[in-house]
Every structure is written in C-alpha cells, then in structure tokens.
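Novice: Below is protein-v8.cif; it holds mmCIF, C-alpha atoms.
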```cif
data_protein
loop_
_atom_site.label_atom_id
_atom_site.label_comp_id
_atom_site.auth_asym_id
_atom_site.auth_seq_id
_atom_site.Cartn_x
_atom_site.Cartn_y
_atom_site.Cartn_z
CA MET A 1 23.22 -18.79 -15.97
CA GLY A 2 25.67 -21.24 -14.45
CA SER A 3 26.42 -22.46 -10.93
CA ASN A 4 26.34 -18.98 -9.41
CA PHE A 5 22.52 -19.01 -9.47
CA SER A 6 20.01 -21.15 -7.60
CA LYS A 7 16.24 -21.08 -7.17
CA GLU A 8 16.39 -23.49 -4.26
CA ASP A 9 17.06 -20.81 -1.64
CA CYS A 10 15.19 -17.99 -3.41
CA PHE A 11 12.20 -16.31 -1.74
CA HIS A 12 11.45 -13.58 -4.28
CA PHE A 13 10.59 -13.91 -7.95
CA PRO A 14 9.61 -10.45 -9.26
CA THR A 15 8.49 -10.57 -12.89
CA MET A 16 10.73 -8.35 -14.98
CA ASP A 17 8.50 -6.93 -17.69
CA THR A 18 6.67 -3.68 -18.40
CA ARG A 19 3.29 -5.14 -17.43
CA ASN A 20 4.50 -5.96 -13.92
CA LEU A 21 6.21 -2.58 -13.71
CA ASP A 22 2.91 -0.83 -14.48
CA THR A 23 0.99 -3.07 -12.05
CA LEU A 24 3.37 -2.42 -9.16
CA ARG A 25 3.61 1.31 -9.80
CA ASP A 26 -0.16 1.75 -10.21
CA TYR A 27 -0.92 -0.07 -6.96
CA VAL A 28 1.56 1.89 -4.87
CA ARG A 29 0.82 5.26 -6.48
CA ASN A 30 -2.97 4.85 -6.19
CA TYR A 31 -3.02 3.39 -2.69
CA ASN A 32 -5.08 5.24 -0.09
CA PRO A 33 -4.70 4.36 3.60
CA PRO A 34 -7.84 3.64 5.63
CA GLU A 35 -9.50 6.72 7.07
CA GLY A 36 -8.23 7.84 10.44
CA ASP A 37 -4.61 6.79 9.90
CA GLY A 38 -3.09 10.19 9.21
CA GLY A 39 -3.59 10.09 5.46
CA TYR A 40 -0.17 8.62 4.70
CA ILE A 41 1.87 5.48 5.11
CA ASN A 42 5.05 6.51 6.88
CA ILE A 43 8.14 4.42 6.15
CA LEU A 44 11.27 5.01 8.21
CA LEU A 45 14.65 4.15 6.70
CA PHE A 46 17.00 3.16 9.50
CA GLY A 47 20.63 2.15 9.10
CA MET A 48 24.24 2.92 9.76
CA VAL A 49 26.09 5.90 8.31
CA ARG A 50 26.79 5.37 4.57
CA ALA A 51 24.49 2.35 4.36
CA GLY A 52 22.50 4.00 1.57
CA LYS A 53 19.37 5.35 3.30
CA SER A 54 19.17 8.61 1.38
CA SER A 55 20.04 7.11 -2.00
CA THR A 56 17.38 4.43 -1.45
CA ILE A 57 14.77 7.16 -0.97
CA ASN A 58 15.93 8.71 -4.27
CA THR A 59 15.47 5.30 -5.91
CA PHE A 60 11.95 4.96 -4.48
CA LEU A 61 10.98 8.44 -5.65
CA SER A 62 12.37 7.74 -9.11
CA ALA A 63 10.57 4.39 -9.36
CA LEU A 64 7.28 6.00 -8.37
CA ASP A 65 7.55 8.71 -11.01
CA PRO A 66 5.06 7.89 -13.83
CA LYS A 67 7.87 8.05 -16.37
CA GLY A 68 10.64 6.75 -14.12
CA ALA A 69 12.45 10.08 -14.19
CA THR A 70 15.40 9.98 -11.81
CA THR A 71 15.57 12.32 -8.85
CA THR A 72 18.39 13.35 -6.56
CA CYS A 73 16.35 15.54 -4.23
CA VAL A 74 17.73 13.71 -1.16
CA PRO A 75 21.36 14.68 -0.47
CA THR A 76 23.69 11.66 -0.70
CA GLY A 77 27.32 10.65 -0.81
CA ASP A 78 29.85 13.47 -0.46
CA ASP A 79 27.19 16.19 -0.31
CA PRO A 80 27.82 17.89 3.07
CA LYS A 81 24.06 18.01 3.66
CA SER A 82 23.85 14.20 3.44
CA LEU A 83 25.29 13.79 6.95
CA THR A 84 22.96 16.30 8.59
CA PRO A 85 21.45 14.45 11.57
CA GLU A 86 17.96 15.88 11.11
CA LEU A 87 14.83 13.76 10.85
CA ARG A 88 13.58 14.46 7.33
CA SER A 89 10.61 13.30 5.27
CA TYR A 90 9.99 13.08 1.53
CA ARG A 91 6.52 12.53 0.10
CA ALA A 92 5.37 10.59 -2.94
CA GLN A 93 1.62 10.16 -3.39
CA LYS A 94 0.34 8.62 -0.11
CA LEU A 95 3.77 7.51 1.05
CA LYS A 96 6.20 9.46 3.20
CA PHE A 97 9.78 8.29 3.49
CA TRP A 98 11.61 9.31 6.66
CA ASP A 99 15.39 9.71 6.59
CA SER A 100 17.20 9.49 9.91
CA ALA A 101 20.69 9.83 11.37
CA GLY A 102 22.90 6.74 11.30
CA TRP A 103 22.08 4.69 14.37
CA ASN A 104 25.71 3.73 14.94
CA VAL A 105 26.70 7.33 15.77
CA MET A 106 24.38 7.54 18.78
CA GLU A 107 26.22 7.03 22.04
CA THR A 108 24.47 4.14 23.83
CA THR A 109 22.07 1.33 23.06
CA ASP A 110 19.52 2.74 25.49
CA LEU A 111 19.68 6.13 23.77
CA LYS A 112 19.17 4.51 20.37
CA LYS A 113 16.15 2.60 21.66
CA ARG A 114 14.52 5.66 23.19
CA VAL A 115 15.09 7.81 20.10
CA LEU A 116 13.79 5.09 17.78
CA GLN A 117 10.76 4.47 19.98
CA MET A 118 9.81 8.15 19.95
CA ILE A 119 10.24 8.34 16.18
CA LEU A 120 8.01 5.28 15.74
CA GLU A 121 5.36 6.86 17.96
CA GLY A 122 5.42 10.08 15.94
CA ARG A 123 6.74 12.14 18.85
CA VAL A 124 9.76 13.59 17.07
CA PRO A 125 8.94 16.62 14.90
CA LYS A 126 10.29 16.77 11.38
CA GLY A 127 13.57 18.70 11.29
CA THR A 128 14.68 17.64 14.77
CA ASP A 129 18.44 17.30 15.18
CA LEU A 130 18.71 13.73 16.46
CA HIS A 131 22.27 14.22 17.71
CA SER A 132 21.14 16.82 20.24
CA PHE A 133 17.68 15.36 20.85
CA ASN A 134 17.02 14.60 24.53
CA PRO A 135 14.55 11.72 24.89
CA ASP A 136 14.94 11.81 28.70
CA SER A 137 13.01 15.07 28.95
CA ASP A 138 9.34 15.13 29.93
CA ILE A 139 7.53 13.01 27.34
CA SER A 140 4.58 15.39 27.53
CA SER A 141 6.83 17.89 25.77
CA TYR A 142 6.69 15.59 22.75
CA PRO A 143 3.04 14.74 22.07
CA VAL A 144 2.15 12.27 19.34
CA ILE A 145 1.84 13.85 15.90
CA PRO A 146 -0.67 11.48 14.22
CA GLU A 147 0.52 12.14 10.68
CA ASN A 148 4.10 11.24 11.72
CA VAL A 149 3.40 7.83 13.28
CA ILE A 150 5.60 5.24 11.57
CA HIS A 151 3.90 2.25 9.93
CA GLY A 152 6.91 0.44 8.48
CA VAL A 153 10.66 0.35 8.96
CA ALA A 154 13.18 -0.52 6.26
CA PHE A 155 16.49 -1.46 7.86
CA ILE A 156 19.22 -0.55 5.38
CA PHE A 157 22.45 -2.52 5.02
CA ASP A 158 25.29 -2.08 2.56
CA ILE A 159 25.55 -5.62 1.18
CA ASN A 160 29.29 -5.21 0.61
CA THR A 161 30.28 -4.00 4.09
CA MET A 162 27.78 -5.87 6.29
CA ASP A 163 30.27 -8.67 6.99
CA SER A 164 32.57 -6.19 8.73
CA ILE A 165 29.93 -5.01 11.22
CA SER A 166 31.05 -6.04 14.70
CA ASP A 167 29.15 -8.57 16.79
CA ASP A 168 28.45 -5.85 19.38
CA LYS A 169 26.81 -3.66 16.74
CA MET A 170 24.76 -6.59 15.46
CA THR A 171 23.61 -7.36 19.00
CA GLU A 172 22.49 -3.76 19.31
CA PHE A 173 20.66 -4.06 16.02
CA GLN A 174 18.89 -7.23 17.19
CA GLU A 175 17.57 -5.30 20.18
CA LEU A 176 16.44 -2.41 18.00
CA GLN A 177 14.60 -4.55 15.46
CA THR A 178 13.01 -6.59 18.29
CA MET A 179 11.70 -3.37 19.79
CA VAL A 180 10.20 -2.42 16.41
CA ALA A 181 8.52 -5.84 16.21
CA GLN A 182 7.05 -5.39 19.66
CA LYS A 183 5.48 -2.13 18.48
CA TYR A 184 3.75 -4.13 15.69
CA VAL A 185 5.49 -2.09 13.02
CA HIS A 186 6.15 -3.88 9.74
CA ARG A 187 9.86 -4.54 9.13
CA VAL A 188 11.98 -5.38 6.12
CA VAL A 189 15.70 -5.41 5.39
CA ILE A 190 16.96 -3.70 2.25
CA GLY A 191 20.40 -4.52 0.92
CA THR A 192 22.00 -1.76 -1.13
CA LYS A 193 24.87 -1.57 -3.63
CA PHE A 194 24.41 -5.13 -4.87
CA GLU A 195 26.12 -4.05 -8.12
CA LEU A 196 29.43 -4.35 -6.30
CA LEU A 197 28.90 -8.08 -5.73
CA GLY A 198 30.16 -8.66 -9.25
CA ILE A 199 27.00 -10.00 -10.89
CA PRO A 200 26.97 -9.08 -14.60
CA GLU A 201 24.36 -6.39 -15.31
CA LYS A 202 22.57 -8.66 -17.79
CA TYR A 203 21.77 -11.01 -14.89
CA ASN A 204 20.38 -8.37 -12.50
CA ALA A 205 16.86 -9.61 -13.23
CA TRP A 206 17.81 -12.82 -11.40
CA ILE A 207 19.52 -11.08 -8.49
CA TYR A 208 17.53 -13.03 -5.87
CA GLU A 209 18.78 -16.29 -7.38
CA TYR A 210 22.41 -15.17 -7.16
CA LYS A 211 24.15 -17.48 -4.67
CA PRO A 212 26.52 -14.88 -3.17
CA LEU A 213 23.50 -12.69 -2.36
CA GLN A 214 21.63 -15.67 -0.87
CA GLN A 215 24.63 -16.36 1.33
CA LYS A 216 24.74 -12.73 2.41
CA PHE A 217 21.06 -12.89 3.39
CA GLU A 218 21.56 -16.16 5.24
CA THR A 219 24.36 -14.64 7.30
CA LEU A 220 22.36 -11.48 7.91
CA ALA A 221 19.35 -13.50 9.07
CA GLU A 222 21.53 -15.39 11.56
CA ARG A 223 23.07 -12.18 12.91
CA THR A 224 19.93 -10.04 13.08
CA GLY A 225 17.16 -12.48 13.94
CA MET A 226 15.09 -11.42 10.94
CA GLU A 227 13.67 -13.81 8.35
CA ARG A 228 15.27 -14.07 4.94
CA ARG A 229 11.89 -13.71 3.25
CA SER A 230 11.75 -10.14 4.62
CA MET A 231 15.04 -9.23 2.93
CA PHE A 232 15.14 -7.36 -0.37
CA VAL A 233 17.60 -5.52 -2.58
CA VAL A 234 17.42 -2.06 -4.10
CA SER A 235 19.81 -0.59 -6.62
CA ASN A 236 21.09 2.89 -5.82
CA GLN A 237 22.72 3.41 -9.21
CA TRP A 238 21.31 4.27 -12.61
CA LYS A 239 22.42 5.81 -15.85
CA GLY A 240 21.04 8.99 -17.37
CA ASP A 241 17.81 10.72 -16.48
CA GLN A 242 15.57 7.64 -16.32
CA ILE A 243 15.71 4.65 -13.98
CA GLU A 244 16.04 1.33 -15.80
CA MET A 245 13.13 -1.13 -15.75
CA ILE A 246 14.85 -3.79 -13.62
CA ARG A 247 16.01 -1.29 -11.00
CA CYS A 248 12.56 0.27 -11.01
CA ILE A 249 10.82 -3.07 -10.48
CA LEU A 250 13.18 -4.08 -7.67
CA ALA A 251 12.33 -0.86 -5.81
CA LEU A 252 8.59 -1.09 -6.45
CA TYR A 253 8.59 -4.77 -5.45
CA VAL A 254 9.78 -3.77 -1.95
CA LEU A 255 7.23 -0.96 -1.67
CA ASP A 256 4.42 -3.22 -2.85
CA ASN A 257 5.31 -5.73 -0.12
CA MET A 258 5.43 -3.07 2.57
CA VAL A 259 2.24 -1.29 1.53
CA ARG A 260 0.20 -4.51 1.30
CA ASN A 261 1.37 -5.75 4.71
CA ILE A 262 0.84 -2.37 6.37
CA ASP A 263 -2.61 -2.06 4.78
CA GLN A 264 -3.64 -5.44 6.21
CA PHE A 265 -2.53 -4.35 9.68
CA LEU A 266 -4.28 -0.98 9.50
CA LYS A 267 -7.55 -2.59 8.46
CA ALA A 268 -7.25 -5.27 11.14
CA VAL A 269 -6.89 -2.75 13.99
CA GLN A 270 -9.77 -0.52 12.89
#
```
In structure tokens, write the structure found in this file.

Specialist:
Amino acid sequence: MGSNFSKEDCFHFPTMDTRNLDTLRDYVRNYNPPEGDGGYINILLFGMVRAGKSSTINTFLSALDPKGATTTCVPTGDDPKSLTPELRSYRAQKLKFWDSAGWNVMETTDLKKRVLQMILEGRVPKGTDLHSFNPDSDISSYPVIPENVIHGVAFIFDINTMDSISDDKMTEFQELQTMVAQKYVHRVVIGTKFELLGIPEKYNAWIYEYKPLQQKFETLAERTGMERRSMFVVSNQWKGDQIEMIRCILALYVLDNMVRNIDQFLKAVQ
C-alpha cells in the first residue's frame, strides 16, 4: 500500500469480511441492557454545527439494518429541518441515538456545560428546543427521566475541518469532555467525512493505518485531552440503497466498542 500507511501507530484493526460484519451486527442488535437501566443504551452525539452528527446516526441505523438497507430518516445537509435545535432521539433495537444542537452555537461555556449536564442526567425532555432552554430555572422543574439518561457520548468531528477549530473552542471542548468523564459516561471521538482525505476507496479497509488520519488523531488527542485509542471513523457516504460492507463494519465497530464498555459499567454499578 506504500508509504502512506503504517501499522506502527494504529490502534484499531477491524476485520473486513462478512463473518465479522455478521458478528458485530448480531451482538449490537441482540444486546439487552441489565434490568433497571431504562431498557435502552442511550448514546448522545455531540459536536459542532455541520460536523456530521445527523448523518452519522443515519449510518448507524443503516449498519444495524439486517440487510444493510440505507436510511435517511434523520434530516441532514441542506434540509431545513437538519438545523432544528431540538433534542431528538432515534431508536434501533435496544439503542437510542440522541441528536443535539451544535455546541458551538450556544452562547457561553457555562451554558454549554449546564445544558450538557442536564442532557446526560436525563433531565431534558425529548423535543426540547435547546436554543431557548433555560437550565438556570428550578432544577425540580426538570426531574430525571430514567429512560433518557445518557450512557455514552460520541463527540463528532469533521476530519477535514478540525484543524481550523480555534484554540478557544478546543479549550471549551476539553472542559466539556472532562465534565462527561467526571460523570462516568463512556466517551469516544468519531471522525466523519474521511473520504475527503484523499485515500483511494479500495484502501478504505485500512483507513486506521492511513498516516494522514493517524496524524489527524494525534493532533486531536493533543488538543482535546482524549486518548487516540478512543478515536474512530465513520463514513457518512454510500451509494445506492444498501450500505457497503466496509462502511457498515466501520460503523458497527464503533457501536460494538461503546456497547461493550457501557455494559461493563452498568454491570459493575449494579
């Protein structure tokens, strides 16, 4: 594959064949959370505007379909509904994916922290307009909704624009992800739109060995304080009405990691 690929700095080696695809999909689709935990694993996608949160949910839903049938049920891109600041959820088997407003459009760091904390705690009802949400009101007005408590957060970054994020914004992000860690919520980073890095499609199966991606992750780790081993990629593009095997496996590989880590935590605190 040439000098653009290296296993030396690679943390992830997903097997790209139909057997692994079936194994990953079966585990995630058939997973049942321990009793008393709301019946679902709730995964919040959190990122800046246009980072790819909604399209990543579409990818997850497509990958979890038994036949890999693509879905576009979550508004994305130029769809006017894609920028609606509501807290939304989309269910697949025992997983619920929560879509949120871009954190960079909220006014202050303190506001972002309070809103994120209340979402994590399950205090923000589905459908709430996060732009007009007032977290300074009496907290008793927002009781915990057990089935909405967040178990994992996927921080979404556009791989191609992350280098242009200001240091001030990255400092804010460090504070936000630290707060999530202090709540003992599992965290990963998902890089989107890796197709634009220029890797030939025939080499997508070795995306984690691609040096430009490794360098992106190294920089992101330095700027966010998160470990590179917690960083993954998901493709938000596909052709036709069925998601390709490699794109499907990359998405399921992330979900498998999150579900297994969350499951260990849930069982440990019972």

Novice: For this structure, which residues satisfy the selection - the PyMOL selection byres ((chain A and resi 199) around 12) - when it is evaluated on the file as given? I want them as an MDAnalysis selection string.

Specialist: chainID A and resid 1:2 4:5 193:198 200:213

Novice: Would you save the residues from that selection as a PDB file, keeping the file's coordinate frame, using C-alpha atoms?

Specialist:
```pdb
ATOM      1  CA  MET A   1      23.220 -18.790 -15.970  1.00  0.00           C
ATOM      2  CA  GLY A   2      25.670 -21.240 -14.450  1.00  0.00           C
ATOM      3  CA  ASN A   4      26.340 -18.980  -9.410  1.00  0.00           C
ATOM      4  CA  PHE A   5      22.520 -19.010  -9.470  1.00  0.00           C
ATOM      5  CA  LYS A 193      24.870  -1.570  -3.630  1.00  0.00           C
ATOM      6  CA  PHE A 194      24.410  -5.130  -4.870  1.00  0.00           C
ATOM      7  CA  GLU A 195      26.120  -4.050  -8.120  1.00  0.00           C
ATOM      8  CA  LEU A 196      29.430  -4.350  -6.300  1.00  0.00           C
ATOM      9  CA  LEU A 197      28.900  -8.080  -5.730  1.00  0.00           C
ATOM     10  CA  GLY A 198      30.160  -8.660  -9.250  1.00  0.00           C
ATOM     11  CA  PRO A 200      26.970  -9.080 -14.600  1.00  0.00           C
ATOM     12  CA  GLU A 201      24.360  -6.390 -15.310  1.00  0.00           C
ATOM     13  CA  LYS A 202      22.570  -8.660 -17.790  1.00  0.00           C
ATOM     14  CA  TYR A 203      21.770 -11.010 -14.890  1.00  0.00           C
ATOM     15  CA  ASN A 204      20.380  -8.370 -12.500  1.00  0.00           C
ATOM     16  CA  ALA A 205      16.860  -9.610 -13.230  1.00  0.00           C
ATOM     17  CA  TRP A 206      17.810 -12.820 -11.400  1.00  0.00           C
ATOM     18  CA  ILE A 207      19.520 -11.080  -8.490  1.00  0.00           C
ATOM     19  CA  TYR A 208      17.530 -13.030  -5.870  1.00  0.00           C
ATOM     20  CA  GLU A 209      18.780 -16.290  -7.380  1.00  0.00           C
ATOM     21  CA  TYR A 210      22.410 -15.170  -7.160  1.00  0.00           C
ATOM     22  CA  LYS A 211      24.150 -17.480  -4.670  1.00  0.00           C
ATOM     23  CA  PRO A 212      26.520 -14.880  -3.170  1.00  0.00           C
ATOM     24  CA  LEU A 213      23.500 -12.690  -2.360  1.00  0.00           C
TER      25      LEU A 213
END
```

Novice: Convert the output of the PyMOL selection byres ((chain A and resi 245) around 10) on the shown file into explicit residues, formatted as an mmCIF file with C-alpha atoms, in the frame of the given file.

Specialist:
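Output contents, as saved in part-v5.cif:
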```cif
data_model
loop_
_atom_site.group_PDB
_atom_site.id
_atom_site.type_symbol
_atom_site.label_atom_id
_atom_site.label_comp_id
_atom_site.auth_asym_id
_atom_site.auth_seq_id
_atom_site.Cartn_x
_atom_site.Cartn_y
_atom_site.Cartn_z
ATOM 1 C CA MET A 16 10.730 -8.350 -14.980
ATOM 2 C CA ASP A 17 8.500 -6.930 -17.690
ATOM 3 C CA THR A 18 6.670 -3.680 -18.400
ATOM 4 C CA LEU A 21 6.210 -2.580 -13.710
ATOM 5 C CA ALA A 63 10.570 4.390 -9.360
ATOM 6 C CA GLY A 68 10.640 6.750 -14.120
ATOM 7 C CA ALA A 205 16.860 -9.610 -13.230
ATOM 8 C CA GLN A 242 15.570 7.640 -16.320
ATOM 9 C CA ILE A 243 15.710 4.650 -13.980
ATOM 10 C CA GLU A 244 16.040 1.330 -15.800
ATOM 11 C CA ILE A 246 14.850 -3.790 -13.620
ATOM 12 C CA ARG A 247 16.010 -1.290 -11.000
ATOM 13 C CA CYS A 248 12.560 0.270 -11.010
ATOM 14 C CA ILE A 249 10.820 -3.070 -10.480
ATOM 15 C CA LEU A 250 13.180 -4.080 -7.670
ATOM 16 C CA ALA A 251 12.330 -0.860 -5.810
#
```

Novice: Dig up all the protein and nucleic acid residues within 8 Å of (27.0, 4.1, 15.7) in the file frame, using all atoms listed in the file, and format them as a list of chain:residue names.

Specialist: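 All residues meeting the 8 Å criterion around (27.0, 4.1, 15.7) are A:Met48, A:Val49, A:Gly102, A:Trp103, A:Asn104, A:Val105, A:Met106, A:Glu107, A:Lys169.
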
Novice: When you count all atoms listed in the file, which of these residues is closest to Val188 (chain A): A:Phe60, A:Leu87, A:Leu44, A:Leu252?

Specialist: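 For Val188 (chain A), the nearest of the given residues is A:Leu44.
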
Novice: Name the residues captured by the PyMOL selection byres ((chain A and resi 120) around 10) when it is applied to the shown file; answer as a list in words.

Specialist: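 In the shown coordinates, the PyMOL selection byres ((chain A and resi 120) around 10) covers Asn42, Ile43, Leu44, Arg114, Val115, Leu116, Gln117, Met118, Ile119, Glu121, Gly122, Arg123, Val124, Val144, Asn148, Val149, Ile150, His151, Gly152, Val153, Val180, Lys183 and Val185 of chain A.
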
Novice: Skipping near chain neighbours, those fewer than 2 positions away, what residues fall within 12 Å of region 31-40 of chain A using only C-alpha atoms, listed as a PyMOL selection string?

Specialist: chain A and resi 24-29+42-43+89-98+122+144-152+255-256+258-270

Novice: Quick one, how far is CA of Pro85 (chain A) from CA of Asp163 (chain A)?

Specialist: 25.2 Å

Novice: Quick one, how far is CA of Ser54 (chain A) from CA of Phe155 (chain A)?

Specialist: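 That distance, rounded to one decimal, is 12.3 Å.
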